[in-house]
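Chemist: So that we are looking at the same thing, I have put the structure below in structure tokens.
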Amino acid sequence: MNTIAKGILAGLAATVVLSLMMLAKAAMGLMPALDPVGMIAGMMGVSMALAWGIHFIIGAVIWGGAFALLEQHLPGGDFWVKGVVLGIGAWLIMMVAMMPMAGAGFFGMQLGIMAPVLTLVMHIVFGAVLGAVYGMLLNRGPSHST
């Protein structure tokens, strides 16, 4: 399996974890207005089922593939740290591009201060899982990338 495929697989694992956190957040009734999949559905005019598919494509193919391509250039010695760096980058893009396009304002501030904080935490976890799984798939372990 090449590195891009490993990145996509790691991205899929990280997206599953992120999605479970999103579902847990929704089940607890925390910030119901913060619904990234619903935002995708609304922006693209697609069903929620298709929006979930797009969410998984973004997480697995785009971010997982990007991690495989960029990993050697990201700061941090451990794969999981490099993943966190990428996760924070993905969060920043979401905050300055997706949130305003979805009508939630810059950094999602129309949803309140917890929107950027909660999404940052979830993207940090996403990145950590992405990096750790990618490292394991490379048979170099979850820690050291050298």
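Naming works like this for the structure tokens: A, B, ... for the chains as they're shown, residue 1 at the start of each chain, ligands 1 onward in shown order.
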Counting only C-alpha atoms, what are the residues of region 47-133 of chain A within 7 Å of region 14-37 of chain A, and for each of them which pair of atoms is the nearest and at what distance in Å, to one decimal? Sort the table by chain and rising number, as JSON lines.

Modeler:
{"residue": "A:Ala51", "atom": "CA", "partner": "A:Val37", "partner_atom": "CA", "distance": 5.7}
{"residue": "A:Trp52", "atom": "CA", "partner": "A:Val37", "partner_atom": "CA", "distance": 6.0}
{"residue": "A:His55", "atom": "CA", "partner": "A:Val37", "partner_atom": "CA", "distance": 6.6}
{"residue": "A:Phe56", "atom": "CA", "partner": "A:Thr15", "partner_atom": "CA", "distance": 6.3}
{"residue": "A:Gly59", "atom": "CA", "partner": "A:Thr15", "partner_atom": "CA", "distance": 5.4}
{"residue": "A:Ala60", "atom": "CA", "partner": "A:Thr15", "partner_atom": "CA", "distance": 6.5}
{"residue": "A:Leu111", "atom": "CA", "partner": "A:Ala33", "partner_atom": "CA", "distance": 6.8}
{"residue": "A:Ala115", "atom": "CA", "partner": "A:Leu34", "partner_atom": "CA", "distance": 6.6}
{"residue": "A:Met122", "atom": "CA", "partner": "A:Leu18", "partner_atom": "CA", "distance": 6.4}
{"residue": "A:Phe126", "atom": "CA", "partner": "A:Ala14", "partner_atom": "CA", "distance": 5.1}
{"residue": "A:Val129", "atom": "CA", "partner": "A:Ala14", "partner_atom": "CA", "distance": 5.2}
{"residue": "A:Leu130", "atom": "CA", "partner": "A:Ala14", "partner_atom": "CA", "distance": 5.1}

Chemist: For a test of reading the model, state the distance in Å between CA of Ala68 (chain A) and CA of Gly7 (chain A), rounded to one decimal.

Modeler: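 Between these atoms lies a distance of 4.9 Å.
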
Chemist: Out of chain A, which residues get alpha helix (DSSP H) from DSSP, as JSON, numbers by chain?

Modeler: {"A": [3, 4, 5, 6, 7, 8, 9, 10, 11, 12, 13, 14, 15, 16, 17, 18, 19, 20, 21, 22, 23, 24, 25, 26, 27, 36, 37, 38, 39, 40, 41, 42, 43, 44, 48, 49, 50, 51, 52, 53, 54, 55, 56, 57, 65, 66, 67, 68, 69, 70, 79, 80, 81, 82, 83, 84, 85, 86, 87, 88, 89, 90, 91, 92, 93, 99, 100, 101, 114, 115, 116, 117, 118, 119, 120, 121, 122, 123, 124, 125, 126, 127, 128, 129, 130, 131, 132, 133, 134, 135, 136, 137]}

Chemist: Sort by chain and increasing residue number a table of all residues of region 31-83 of chain A within 8 Å of region 94-105 of chain A, each with its closest pair of atoms and their distance in Å to one decimal, counting only C-alpha atoms, and write it as a Markdown table.

Modeler:
| residue | atom | partner | partner_atom | distance |
| --- | --- | --- | --- | --- |
| A:Met39 | CA | A:Ala102 | CA | 5.8 |
| A:Ile40 | CA | A:Ala102 | CA | 7.9 |
| A:Gly42 | CA | A:Ala102 | CA | 7.5 |
| A:Met43 | CA | A:Ala102 | CA | 6.2 |

Chemist: How would the residues just chosen look if you wrote them out with N, CA and C atoms as a compact mmCIF listing (two decimals), in the first residue's frame?

Modeler:
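To be explicit, this is the file written out as part-v3.txt:
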# COMPACT_ATOMS: atom_id res chain seq x y z
N MET A 39 -24.34 21.92 7.89
CA MET A 39 -23.84 23.07 7.13
C MET A 39 -23.46 22.66 5.71
N ILE A 40 -22.83 21.50 5.58
CA ILE A 40 -22.47 20.99 4.24
C ILE A 40 -23.75 20.78 3.42
N GLY A 42 -26.66 22.20 3.77
CA GLY A 42 -27.27 23.47 3.43
C GLY A 42 -26.51 24.23 2.36
N MET A 43 -25.20 24.26 2.46
CA MET A 43 -24.38 24.99 1.49
C MET A 43 -24.45 24.35 0.10
